[in-house]
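Have a look at data_2.cif below; it lists mmCIF, C-alpha atoms.
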```cif
data_query
loop_
_atom_site.group_PDB
_atom_site.id
_atom_site.type_symbol
_atom_site.label_atom_id
_atom_site.label_comp_id
_atom_site.auth_asym_id
_atom_site.auth_seq_id
_atom_site.Cartn_x
_atom_site.Cartn_y
_atom_site.Cartn_z
ATOM 1 C CA MET A 537 -23.428 -18.431 5.980
ATOM 2 C CA GLU A 538 -24.719 -16.359 8.870
ATOM 3 C CA LEU A 539 -27.123 -13.474 8.239
ATOM 4 C CA LEU A 540 -26.354 -10.247 10.119
ATOM 5 C CA SER A 541 -29.293 -7.894 9.615
ATOM 6 C CA SER A 542 -28.737 -5.271 12.321
ATOM 7 C CA LEU A 543 -26.514 -2.203 12.154
ATOM 8 C CA LYS A 544 -25.986 -2.635 15.882
ATOM 9 C CA ASN A 545 -24.638 -6.183 15.624
ATOM 10 C CA PRO A 546 -21.266 -6.270 17.470
ATOM 11 C CA LYS A 547 -19.483 -7.723 14.441
ATOM 12 C CA VAL A 548 -20.905 -5.047 12.164
ATOM 13 C CA LEU A 549 -19.926 -2.313 14.622
ATOM 14 C CA SER A 550 -16.358 -3.641 14.814
ATOM 15 C CA TRP A 551 -16.042 -3.867 11.004
ATOM 16 C CA LYS A 552 -17.254 -0.274 10.634
ATOM 17 C CA THR A 553 -14.350 0.979 12.777
ATOM 18 C CA LEU A 554 -11.853 -0.485 10.268
ATOM 19 C CA LYS A 555 -12.423 2.584 8.092
ATOM 20 C CA ASP A 556 -10.318 4.543 10.588
ATOM 21 C CA LYS A 557 -6.689 4.029 11.580
ATOM 22 C CA LYS A 558 -7.613 3.960 15.264
ATOM 23 C CA GLY A 559 -9.968 1.051 14.645
ATOM 24 C CA ARG A 560 -7.440 -0.790 12.494
ATOM 25 C CA ASP A 561 -4.769 -0.324 15.145
ATOM 26 C CA SER A 562 -6.980 -1.507 18.005
ATOM 27 C CA GLN A 563 -8.152 -4.630 16.134
ATOM 28 C CA ASN A 564 -4.903 -5.250 14.212
ATOM 29 C CA ALA A 565 -7.110 -5.802 11.174
ATOM 30 C CA PHE A 566 -8.234 -4.149 7.947
ATOM 31 C CA LEU A 567 -10.967 -4.544 5.343
ATOM 32 C CA VAL A 568 -10.646 -4.941 1.579
ATOM 33 C CA GLU A 569 -13.484 -4.466 -0.885
ATOM 34 C CA GLY A 570 -14.279 -5.816 -4.326
ATOM 35 C CA VAL A 571 -13.913 -9.030 -6.275
ATOM 36 C CA ARG A 572 -10.278 -8.593 -7.272
ATOM 37 C CA MET A 573 -9.025 -7.522 -3.858
ATOM 38 C CA VAL A 574 -10.815 -10.392 -2.136
ATOM 39 C CA GLN A 575 -9.379 -12.871 -4.649
ATOM 40 C CA GLU A 576 -5.899 -11.452 -4.065
ATOM 41 C CA ALA A 577 -6.404 -11.683 -0.309
ATOM 42 C CA LEU A 578 -7.531 -15.313 -0.456
ATOM 43 C CA SER A 579 -4.464 -16.293 -2.477
ATOM 44 C CA SER A 580 -2.051 -14.373 -0.238
ATOM 45 C CA ALA A 581 -0.326 -15.302 3.012
ATOM 46 C CA PHE A 582 -2.597 -12.947 4.961
ATOM 47 C CA GLU A 583 -5.074 -14.436 7.430
ATOM 48 C CA VAL A 584 -8.652 -13.830 6.253
ATOM 49 C CA GLN A 585 -10.843 -13.489 9.334
ATOM 50 C CA ALA A 586 -14.206 -13.183 7.592
ATOM 51 C CA LEU A 587 -15.898 -12.834 4.215
ATOM 52 C CA LEU A 588 -18.752 -10.346 3.892
ATOM 53 C CA LEU A 589 -21.366 -10.711 1.156
ATOM 54 C CA ARG A 590 -24.169 -8.327 0.285
ATOM 55 C CA GLU A 591 -27.507 -10.118 0.347
ATOM 56 C CA ASP A 592 -28.057 -9.818 -3.409
ATOM 57 C CA TYR A 593 -24.482 -10.716 -4.404
ATOM 58 C CA GLN A 594 -23.912 -13.930 -6.332
ATOM 59 C CA PRO A 595 -20.284 -15.100 -5.915
ATOM 60 C CA GLU A 596 -18.548 -16.411 -9.007
ATOM 61 C CA TYR A 597 -16.237 -18.786 -7.150
ATOM 62 C CA ARG A 598 -16.181 -20.993 -4.079
ATOM 63 C CA PHE A 599 -14.696 -19.784 -0.824
ATOM 64 C CA PRO A 600 -12.569 -21.862 1.554
ATOM 65 C CA ALA A 601 -14.961 -23.594 3.925
ATOM 66 C CA GLU A 602 -12.865 -22.754 6.983
ATOM 67 C CA ILE A 603 -13.335 -18.989 6.577
ATOM 68 C CA PRO A 604 -16.470 -17.619 8.279
ATOM 69 C CA ALA A 605 -18.834 -15.978 5.785
ATOM 70 C CA TYR A 606 -21.579 -13.480 6.597
ATOM 71 C CA VAL A 607 -24.498 -12.213 4.521
ATOM 72 C CA LEU A 608 -25.489 -8.583 5.076
ATOM 73 C CA PRO A 609 -28.495 -6.625 3.784
ATOM 74 C CA ALA A 610 -27.494 -3.831 1.404
ATOM 75 C CA HIS A 611 -27.719 -1.020 3.983
ATOM 76 C CA VAL A 612 -25.661 -2.975 6.513
ATOM 77 C CA PHE A 613 -23.057 -3.942 3.924
ATOM 78 C CA GLN A 614 -22.836 -0.298 2.791
ATOM 79 C CA SER A 615 -22.187 0.801 6.375
ATOM 80 C CA VAL A 616 -18.981 -1.233 6.660
ATOM 81 C CA CYS A 617 -17.640 -0.267 3.216
ATOM 82 C CA ASP A 618 -15.711 2.867 2.305
ATOM 83 C CA THR A 619 -16.756 3.021 -1.360
ATOM 84 C CA LYS A 620 -20.059 4.632 -2.344
ATOM 85 C CA THR A 621 -20.965 1.798 -4.743
ATOM 86 C CA PRO A 622 -19.387 -1.391 -3.346
ATOM 87 C CA GLN A 623 -19.283 -4.479 -5.541
ATOM 88 C CA GLY A 624 -21.003 -6.676 -2.977
ATOM 89 C CA ILE A 625 -18.080 -8.577 -1.471
ATOM 90 C CA ALA A 626 -15.473 -7.678 1.144
ATOM 91 C CA ALA A 627 -13.064 -9.415 3.486
ATOM 92 C CA VAL A 628 -11.623 -8.706 6.923
ATOM 93 C CA LEU A 629 -7.938 -9.575 7.253
ATOM 94 C CA THR A 630 -5.424 -9.658 10.068
ATOM 95 C CA ARG A 631 -2.932 -6.844 9.595
ATOM 96 C CA GLN A 632 0.493 -8.287 8.896
ATOM 97 C CA THR A 633 3.375 -7.805 6.487
ATOM 98 C CA ARG A 634 6.716 -9.329 5.699
ATOM 99 C CA GLU A 635 9.779 -7.136 6.106
ATOM 100 C CA ALA A 636 11.021 -5.212 3.076
ATOM 101 C CA GLY A 637 14.111 -6.862 1.644
ATOM 102 C CA GLY A 638 15.866 -7.691 -1.581
ATOM 103 C CA PRO A 639 18.023 -5.640 -3.953
ATOM 104 C CA ARG A 640 15.463 -3.098 -5.210
ATOM 105 C CA LEU A 641 13.815 -1.088 -2.464
ATOM 106 C CA LEU A 642 11.634 1.996 -2.360
ATOM 107 C CA ALA A 643 11.423 4.419 0.580
ATOM 108 C CA LEU A 644 8.533 6.841 1.063
ATOM 109 C CA ASP A 645 9.526 9.918 3.046
ATOM 110 C CA GLY A 646 6.303 11.555 4.210
ATOM 111 C CA VAL A 647 4.190 10.725 1.142
ATOM 112 C CA GLN A 648 0.755 11.565 2.515
ATOM 113 C CA ASP A 649 -1.725 11.298 -0.352
ATOM 114 C CA PRO A 650 -3.348 7.841 -0.182
ATOM 115 C CA GLY A 651 -3.763 7.673 -3.960
ATOM 116 C CA ASN A 652 -0.089 8.431 -4.478
ATOM 117 C CA VAL A 653 1.005 5.833 -1.919
ATOM 118 C CA GLY A 654 -1.168 3.114 -3.419
ATOM 119 C CA THR A 655 -0.192 3.948 -6.997
ATOM 120 C CA ILE A 656 3.510 3.953 -6.100
ATOM 121 C CA ILE A 657 3.168 0.523 -4.457
ATOM 122 C CA ARG A 658 1.331 -0.852 -7.505
ATOM 123 C CA THR A 659 4.023 0.543 -9.820
ATOM 124 C CA ALA A 660 6.824 -0.805 -7.615
ATOM 125 C CA ASP A 661 5.285 -4.264 -7.862
ATOM 126 C CA ALA A 662 4.974 -3.983 -11.647
ATOM 127 C CA ALA A 663 8.528 -2.665 -12.077
ATOM 128 C CA GLY A 664 10.070 -5.496 -10.082
ATOM 129 C CA PHE A 665 10.862 -3.776 -6.806
ATOM 130 C CA THR A 666 10.972 -6.032 -3.767
ATOM 131 C CA GLY A 667 9.950 -3.899 -0.809
ATOM 132 C CA VAL A 668 8.884 -0.495 0.510
ATOM 133 C CA LEU A 669 9.978 1.421 3.608
ATOM 134 C CA PHE A 670 7.555 3.936 5.152
ATOM 135 C CA SER A 671 8.498 6.919 7.269
ATOM 136 C CA PRO A 672 6.102 7.556 10.202
ATOM 137 C CA GLU A 673 4.588 10.548 8.381
ATOM 138 C CA CYS A 674 3.269 8.536 5.415
ATOM 139 C CA ALA A 675 -0.367 7.705 4.728
ATOM 140 C CA ASP A 676 -1.459 4.445 6.366
ATOM 141 C CA LEU A 677 -0.741 1.449 4.136
ATOM 142 C CA PHE A 678 -3.979 -0.237 5.264
ATOM 143 C CA SER A 679 -6.345 2.680 4.709
ATOM 144 C CA PRO A 680 -9.160 1.932 2.238
ATOM 145 C CA LYS A 681 -7.950 4.440 -0.373
ATOM 146 C CA VAL A 682 -4.361 3.191 -0.300
ATOM 147 C CA LEU A 683 -5.492 -0.431 -0.547
ATOM 148 C CA ARG A 684 -7.753 0.267 -3.530
ATOM 149 C CA ALA A 685 -4.980 2.092 -5.358
ATOM 150 C CA THR A 686 -2.539 -0.809 -4.879
ATOM 151 C CA MET A 687 -4.870 -3.103 -6.859
ATOM 152 C CA GLY A 688 -3.624 -6.108 -4.875
ATOM 153 C CA SER A 689 0.102 -5.293 -4.902
ATOM 154 C CA VAL A 690 -0.073 -4.848 -1.118
ATOM 155 C CA PHE A 691 -0.205 -8.645 -0.911
ATOM 156 C CA ARG A 692 3.009 -9.203 -2.900
ATOM 157 C CA LEU A 693 5.629 -6.772 -1.600
ATOM 158 C CA GLY A 694 7.500 -6.561 1.690
ATOM 159 C CA PHE A 695 6.951 -3.501 3.898
ATOM 160 C CA SER A 696 8.945 -1.970 6.755
ATOM 161 C CA PHE A 697 7.945 0.858 9.084
ATOM 162 C CA PRO A 698 11.135 2.126 10.745
ATOM 163 C CA ALA A 699 10.793 4.584 13.616
ATOM 164 C CA SER A 700 13.453 6.680 11.872
ATOM 165 C CA LEU A 701 13.794 6.475 8.091
ATOM 166 C CA PRO A 702 17.239 8.197 8.085
ATOM 167 C CA VAL A 703 18.576 5.626 10.546
ATOM 168 C CA ALA A 704 17.187 2.774 8.423
ATOM 169 C CA LEU A 705 18.781 4.243 5.297
ATOM 170 C CA GLU A 706 22.142 4.629 7.040
ATOM 171 C CA GLN A 707 22.019 0.921 7.887
ATOM 172 C CA LEU A 708 21.159 -0.003 4.311
ATOM 173 C CA LYS A 709 24.081 2.130 3.148
ATOM 174 C CA LYS A 710 26.376 0.182 5.496
ATOM 175 C CA ASP A 711 24.990 -2.999 3.968
ATOM 176 C CA GLY A 712 26.132 -1.880 0.510
ATOM 177 C CA TYR A 713 22.991 -0.226 -0.831
ATOM 178 C CA SER A 714 23.058 2.958 -2.873
ATOM 179 C CA VAL A 715 20.534 5.435 -1.443
ATOM 180 C CA LEU A 716 18.999 7.567 -4.199
ATOM 181 C CA SER A 717 17.261 10.744 -3.056
ATOM 182 C CA SER A 718 14.864 12.209 -5.649
ATOM 183 C CA GLN A 719 14.938 15.998 -5.308
ATOM 184 C CA LEU A 720 14.470 19.063 -7.504
ATOM 185 C CA ASP A 721 17.993 20.364 -6.830
ATOM 186 C CA GLY A 722 19.676 17.029 -7.581
ATOM 187 C CA SER A 723 21.990 15.960 -10.381
ATOM 188 C CA PRO A 724 20.483 14.747 -13.698
ATOM 189 C CA PHE A 725 18.812 11.390 -13.093
ATOM 190 C CA TYR A 726 19.779 9.859 -16.433
ATOM 191 C CA ASP A 727 23.454 10.757 -15.924
ATOM 192 C CA ARG A 728 23.716 8.896 -12.618
ATOM 193 C CA LYS A 729 26.851 6.859 -11.992
ATOM 194 C CA ASP A 730 28.134 4.251 -9.560
ATOM 195 C CA VAL A 731 24.717 2.967 -8.438
ATOM 196 C CA SER A 732 25.199 -0.457 -6.895
ATOM 197 C CA SER A 733 23.103 -3.479 -7.845
ATOM 198 C CA SER A 734 21.310 -3.093 -4.507
ATOM 199 C CA PHE A 735 19.658 0.288 -4.091
ATOM 200 C CA VAL A 736 16.841 2.152 -2.398
ATOM 201 C CA LEU A 737 14.989 4.939 -4.198
ATOM 202 C CA VAL A 738 13.559 7.640 -1.908
ATOM 203 C CA ILE A 739 10.369 9.521 -2.862
ATOM 204 C CA GLY A 740 9.628 12.628 -0.815
ATOM 205 C CA ASN A 741 6.575 14.456 0.452
ATOM 206 C CA GLU A 742 4.284 15.963 -2.183
ATOM 207 C CA GLY A 743 4.875 19.539 -1.016
ATOM 208 C CA ASN A 744 8.189 19.553 0.816
ATOM 209 C CA GLY A 745 10.111 16.818 -0.958
ATOM 210 C CA VAL A 746 12.727 14.650 0.742
ATOM 211 C CA SER A 747 13.613 15.684 4.308
ATOM 212 C CA ASP A 748 17.049 17.089 5.118
ATOM 213 C CA ALA A 749 17.905 14.131 7.342
ATOM 214 C CA VAL A 750 17.148 11.692 4.528
ATOM 215 C CA LYS A 751 19.134 13.771 2.032
ATOM 216 C CA ALA A 752 22.092 13.574 4.403
ATOM 217 C CA ALA A 753 21.835 9.769 4.418
ATOM 218 C CA ALA A 754 21.719 9.510 0.599
ATOM 219 C CA THR A 755 24.610 8.487 -1.622
ATOM 220 C CA HIS A 756 23.038 10.068 -4.709
ATOM 221 C CA HIS A 757 20.859 13.184 -5.139
ATOM 222 C CA LEU A 758 18.958 12.979 -8.423
ATOM 223 C CA CYS A 759 16.418 14.996 -10.391
ATOM 224 C CA LEU A 760 14.390 14.181 -13.482
ATOM 225 C CA PRO A 761 14.856 16.702 -16.328
ATOM 226 C CA MET A 762 12.151 19.369 -16.618
ATOM 227 C CA ARG A 763 12.302 20.285 -20.297
ATOM 228 C CA GLY A 764 8.953 22.058 -20.417
ATOM 229 C CA GLY A 765 7.313 24.678 -18.263
ATOM 230 C CA ALA A 766 6.299 22.483 -15.326
ATOM 231 C CA GLU A 767 8.414 22.906 -12.206
ATOM 232 C CA SER A 768 7.794 19.414 -10.829
ATOM 233 C CA LEU A 769 6.003 16.101 -11.313
ATOM 234 C CA ASN A 770 3.361 14.301 -9.285
ATOM 235 C CA ALA A 771 5.122 12.045 -6.765
ATOM 236 C CA ALA A 772 3.628 8.839 -8.153
ATOM 237 C CA VAL A 773 4.467 9.766 -11.761
ATOM 238 C CA ALA A 774 8.058 10.669 -10.885
ATOM 239 C CA ALA A 775 8.420 7.465 -8.883
ATOM 240 C CA GLY A 776 7.145 5.392 -11.807
ATOM 241 C CA ILE A 777 9.560 6.920 -14.304
ATOM 242 C CA MET A 778 12.550 6.399 -12.024
ATOM 243 C CA MET A 779 11.606 2.884 -10.919
ATOM 244 C CA TYR A 780 11.223 1.622 -14.460
ATOM 245 C CA ASP A 781 14.462 3.202 -15.605
ATOM 246 C CA LEU A 782 16.358 1.813 -12.605
ATOM 247 C CA THR A 783 15.183 -1.728 -13.435
ATOM 248 C CA ARG A 784 15.572 -1.318 -17.201
#
```

Translate the structure described by the file into structure tokens.
Amino acid sequence: MELLSSLKNPKVLSWKTLKDKKGRDSQNAFLVEGVRMVQEALSSAFEVQALLLREDYQPEYRFPAEIPAYVLPAHVFQSVCDTKTPQGIAAVLTRQTREAGGPRLLALDGVQDPGNVGTIIRTADAAGFTGVLFSPECADLFSPKVLRATMGSVFRLGFSFPASLPVALEQLKKDGYSVLSSQLDGSPFYDRKDVSSSFVLVIGNEGNGVSDAVKAAATHHLCLPMRGGAESLNAAVAAGIMMYDLTR
């Protein structure tokens, strides 16, 4: 293992830029933190470029010998991490995904809160969904907050980033998918009919909901019942309820 003790080391400087989308885009890479995320990364199909260990961290398992490993003093390790109290281990990965496919898809239409995006991805993985489509307005899949909220599910699902989500949904509709738009003025969700075995559930922006162009591409417009005083649900909560019922 190589010791990198300077904040000005070129490797350290490049890893620090991975906190920002511009840095991730320019390097085509991202950083994950913590024991679980690193374990998930090592067992995934993603290319692990480097392992980063805080100087006082004692790993509980062996790492593949072919992956470069670096030891960093606490202040240097802290500088490359996004969390305030990092666990002492991180990994730099090449940014890559496999295309979203399969019969149970999710589409995020301008979901911008990183916690919501990550939680929705984690729930989609748990509920048995097979892939997620992102509109250009969504939070970055590889941002630190999104990655933490996925709890490793980012390594198991397929992801697509169409330039136009409505166009992508129109193509899925031609391919036999039902396109389910979740919206406050929709029909009762639990009374839905004629949903095909292949479907895509659309979750809209936290404030504005599903866009008009996406609504126009949908085959179904559905709303969860609001039996109490609340006017709406958090996007991730609503997505979880609908995903589990759709795969029930």

Explicit residues for the PyMOL selection byres ((chain A and resi 664) around 10) (as an mmCIF file with C-alpha atoms, in the coordinates of the input):
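As a result, part.cif now contains:
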```
data_model
loop_
_atom_site.group_PDB
_atom_site.id
_atom_site.type_symbol
_atom_site.label_atom_id
_atom_site.label_comp_id
_atom_site.auth_asym_id
_atom_site.auth_seq_id
_atom_site.Cartn_x
_atom_site.Cartn_y
_atom_site.Cartn_z
ATOM 1 C CA ARG A 640 15.463 -3.098 -5.210
ATOM 2 C CA LEU A 641 13.815 -1.088 -2.464
ATOM 3 C CA THR A 659 4.023 0.543 -9.820
ATOM 4 C CA ALA A 660 6.824 -0.805 -7.615
ATOM 5 C CA ASP A 661 5.285 -4.264 -7.862
ATOM 6 C CA ALA A 662 4.974 -3.983 -11.647
ATOM 7 C CA ALA A 663 8.528 -2.665 -12.077
ATOM 8 C CA PHE A 665 10.862 -3.776 -6.806
ATOM 9 C CA THR A 666 10.972 -6.032 -3.767
ATOM 10 C CA GLY A 667 9.950 -3.899 -0.809
ATOM 11 C CA LEU A 693 5.629 -6.772 -1.600
ATOM 12 C CA MET A 779 11.606 2.884 -10.919
ATOM 13 C CA TYR A 780 11.223 1.622 -14.460
ATOM 14 C CA LEU A 782 16.358 1.813 -12.605
ATOM 15 C CA THR A 783 15.183 -1.728 -13.435
ATOM 16 C CA ARG A 784 15.572 -1.318 -17.201
#
```

On this structure, the PyMOL selection byres ((chain A and resi 657) around 12) would catch which residues? List them as a JSON list (two decimals) with C-alpha atoms, in the coordinates of the input, sorted by chain and number.
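What follows is the written file part-v8.json:
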```json
[["chain", "number", "residue", "atom", "x", "y", "z"],
["A", 641, "LEU", "CA", 13.82, -1.09, -2.46],
["A", 642, "LEU", "CA", 11.63, 2.00, -2.36],
["A", 643, "ALA", "CA", 11.42, 4.42, 0.58],
["A", 644, "LEU", "CA", 8.53, 6.84, 1.06],
["A", 647, "VAL", "CA", 4.19, 10.72, 1.14],
["A", 650, "PRO", "CA", -3.35, 7.84, -0.18],
["A", 651, "GLY", "CA", -3.76, 7.67, -3.96],
["A", 652, "ASN", "CA", -0.09, 8.43, -4.48],
["A", 653, "VAL", "CA", 1.00, 5.83, -1.92],
["A", 654, "GLY", "CA", -1.17, 3.11, -3.42],
["A", 655, "THR", "CA", -0.19, 3.95, -7.00],
["A", 656, "ILE", "CA", 3.51, 3.95, -6.10],
["A", 658, "ARG", "CA", 1.33, -0.85, -7.50],
["A", 659, "THR", "CA", 4.02, 0.54, -9.82],
["A", 660, "ALA", "CA", 6.82, -0.80, -7.62],
["A", 661, "ASP", "CA", 5.28, -4.26, -7.86],
["A", 662, "ALA", "CA", 4.97, -3.98, -11.65],
["A", 663, "ALA", "CA", 8.53, -2.66, -12.08],
["A", 664, "GLY", "CA", 10.07, -5.50, -10.08],
["A", 665, "PHE", "CA", 10.86, -3.78, -6.81],
["A", 666, "THR", "CA", 10.97, -6.03, -3.77],
["A", 667, "GLY", "CA", 9.95, -3.90, -0.81],
["A", 668, "VAL", "CA", 8.88, -0.50, 0.51],
["A", 669, "LEU", "CA", 9.98, 1.42, 3.61],
["A", 670, "PHE", "CA", 7.56, 3.94, 5.15],
["A", 677, "LEU", "CA", -0.74, 1.45, 4.14],
["A", 682, "VAL", "CA", -4.36, 3.19, -0.30],
["A", 683, "LEU", "CA", -5.49, -0.43, -0.55],
["A", 684, "ARG", "CA", -7.75, 0.27, -3.53],
["A", 685, "ALA", "CA", -4.98, 2.09, -5.36],
["A", 686, "THR", "CA", -2.54, -0.81, -4.88],
["A", 687, "MET", "CA", -4.87, -3.10, -6.86],
["A", 688, "GLY", "CA", -3.62, -6.11, -4.88],
["A", 689, "SER", "CA", 0.10, -5.29, -4.90],
["A", 690, "VAL", "CA", -0.07, -4.85, -1.12],
["A", 691, "PHE", "CA", -0.20, -8.64, -0.91],
["A", 692, "ARG", "CA", 3.01, -9.20, -2.90],
["A", 693, "LEU", "CA", 5.63, -6.77, -1.60],
["A", 694, "GLY", "CA", 7.50, -6.56, 1.69],
["A", 695, "PHE", "CA", 6.95, -3.50, 3.90],
["A", 739, "ILE", "CA", 10.37, 9.52, -2.86],
["A", 771, "ALA", "CA", 5.12, 12.04, -6.76],
["A", 772, "ALA", "CA", 3.63, 8.84, -8.15],
["A", 773, "VAL", "CA", 4.47, 9.77, -11.76],
["A", 775, "ALA", "CA", 8.42, 7.46, -8.88],
["A", 776, "GLY", "CA", 7.14, 5.39, -11.81],
["A", 779, "MET", "CA", 11.61, 2.88, -10.92]]
```

- Written as a VMD selection string, which residues does the PyMOL selection byres ((chain A and resi 711-718) around 7) give for the file shown? chain A and resid 707 to 710 719 731 to 732 734 to 739 751 754 to 759

- Determine the nearest neighbour of A:Phe725 from the options A:Asp781, A:Glu673, A:Asp592, A:Glu767, counting all atoms listed in the file.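 Of A:Asp781, A:Glu673, A:Asp592, A:Glu767, the one nearest A:Phe725, counting all atoms listed in the file, is A:Asp781.
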
- Item | Which of A:Gly624, A:Pro546, A:Pro680, A:Pro604 sits closest to A:Leu567 [using all atoms listed in the file] |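 Using all atoms listed in the file, the shortest distance to A:Leu567 belongs to A:Pro680.
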
Axis-aligned box over every listed atom of stretch 542-552 of chain A, padded by 3 Å per side: centre and edges in Å to one decimal, as AutoDock Vina command-line options?
```
--center_x -22.4 --center_y -4.0 --center_z 14.1 --size_x 18.7 --size_y 13.4 --size_z 12.8
```

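The smallest atom-to-atom distance between A:Ala704 and any of A:Ser579, A:Ser723, A:Ser671, A:Ser768, using all atoms listed in the file, is found for A:Ser671.
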
- Message: Between atom CA of A:Lys555 and atom CA of A:Ala610, what distance in Å does the model show, to one decimal?
- Response: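 It comes out at 17.7 Å.
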
- What is the distance between atom CA of A:Thr633 and atom CA of A:Asn564, in Å to one decimal?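 Atom CA of A:Asn564 lies 11.6 Å from atom CA of A:Thr633.
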
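Interatomic distance, atom CA of A:Leu587 to atom CA of A:Gln623: 13.3 Å.
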
- Which polymer residues have any atom within 10 Å of an atom of A:Ser615, counting all atoms listed in the file, with same-chain residues fewer than 6 positions away left out, as a PyMOL selection string? chain A and resi 543+548-549+551-552

- Nearest to A:Val607 among A:Thr630, A:Ser542, A:Ser679, A:Gln648, with distances taken over all atoms listed in the file: which residue is it?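 Looking at the shortest contact to A:Val607, the residue is A:Ser542.
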
- Item | Distance criterion (only C-alpha atoms): nearest to A:Gln563 out of A:Asn545, A:Ser747, A:Gln614, A:Gln632 |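 Among the listed residues, the smallest separation from A:Gln563 belongs to A:Gln632.
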
- Give as a list in words each residue that has an atom at most 9 Å from (-25.2, -14.9, 3.1) in the file, counting only C-alpha atoms. Met537, Glu538, Leu539, Leu540, Leu588, Leu589, Arg590, Glu591, Asp592, Tyr593, Ala605, Tyr606, Val607, Leu608 and Pro609 of chain A

File dump, residues just selected, C-alpha atoms, as a PDB file, keeping the file's coordinate frame:
```pdb
ATOM      1  CA  MET A 537     -23.428 -18.431   5.980  1.00  0.00           C
ATOM      2  CA  GLU A 538     -24.719 -16.359   8.870  1.00  0.00           C
ATOM      3  CA  LEU A 539     -27.123 -13.474   8.239  1.00  0.00           C
ATOM      4  CA  LEU A 540     -26.354 -10.247  10.119  1.00  0.00           C
ATOM      5  CA  LEU A 588     -18.752 -10.346   3.892  1.00  0.00           C
ATOM      6  CA  LEU A 589     -21.366 -10.711   1.156  1.00  0.00           C
ATOM      7  CA  ARG A 590     -24.169  -8.327   0.285  1.00  0.00           C
ATOM      8  CA  GLU A 591     -27.507 -10.118   0.347  1.00  0.00           C
ATOM      9  CA  ASP A 592     -28.057  -9.818  -3.409  1.00  0.00           C
ATOM     10  CA  TYR A 593     -24.482 -10.716  -4.404  1.00  0.00           C
ATOM     11  CA  ALA A 605     -18.834 -15.978   5.785  1.00  0.00           C
ATOM     12  CA  TYR A 606     -21.579 -13.480   6.597  1.00  0.00           C
ATOM     13  CA  VAL A 607     -24.498 -12.213   4.521  1.00  0.00           C
ATOM     14  CA  LEU A 608     -25.489  -8.583   5.076  1.00  0.00           C
ATOM     15  CA  PRO A 609     -28.495  -6.625   3.784  1.00  0.00           C
TER      16      PRO A 609
END
```

- Task: Would you mind telling me which residue in A:Gly646, A:Pro702, A:Pro595, A:Gly570 lies nearest to A:Gly743 when using all atoms listed in the file?
- Result: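 Checking each candidate against A:Gly743, we get A:Gly646 as the closest.
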
- Query: Counting only C-alpha atoms, what is within 6 Å of A:Gly740, bar same-chain residues fewer than 4 positions away, as an MDAnalysis selection string?
  - Reply: chainID A and resid 645 745:746

Polymer residues at most 9 Å from A:Pro672, all atoms listed in the file, same-chain spacing of 4 or more positions, as a PDB file with C-alpha atoms, in the coordinates of the input:
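Final output, result-v2.pdb:
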```pdb
ATOM      1  CA  ASP A 645       9.526   9.918   3.046  1.00  0.00           C
ATOM      2  CA  GLY A 646       6.303  11.555   4.210  1.00  0.00           C
ATOM      3  CA  PHE A 697       7.945   0.858   9.084  1.00  0.00           C
ATOM      4  CA  PRO A 698      11.135   2.126  10.745  1.00  0.00           C
ATOM      5  CA  ALA A 699      10.793   4.584  13.616  1.00  0.00           C
ATOM      6  CA  SER A 700      13.453   6.680  11.872  1.00  0.00           C
ATOM      7  CA  LEU A 701      13.794   6.475   8.091  1.00  0.00           C
TER       8      LEU A 701
END
```

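Within the 7 Å cut-off around A:Val571, using only C-alpha atoms and omitting residues fewer than 3 positions from it on the same chain, the listed residues are Val574, Gln575 and Ile625 of chain A.
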
Restricting it to C-alpha atoms, dump the selection as a CSV table (one decimal), in the coordinates of the input.
```csv
chain,number,residue,atom,x,y,z
A,574,VAL,CA,-10.8,-10.4,-2.1
A,575,GLN,CA,-9.4,-12.9,-4.6
A,625,ILE,CA,-18.1,-8.6,-1.5
```
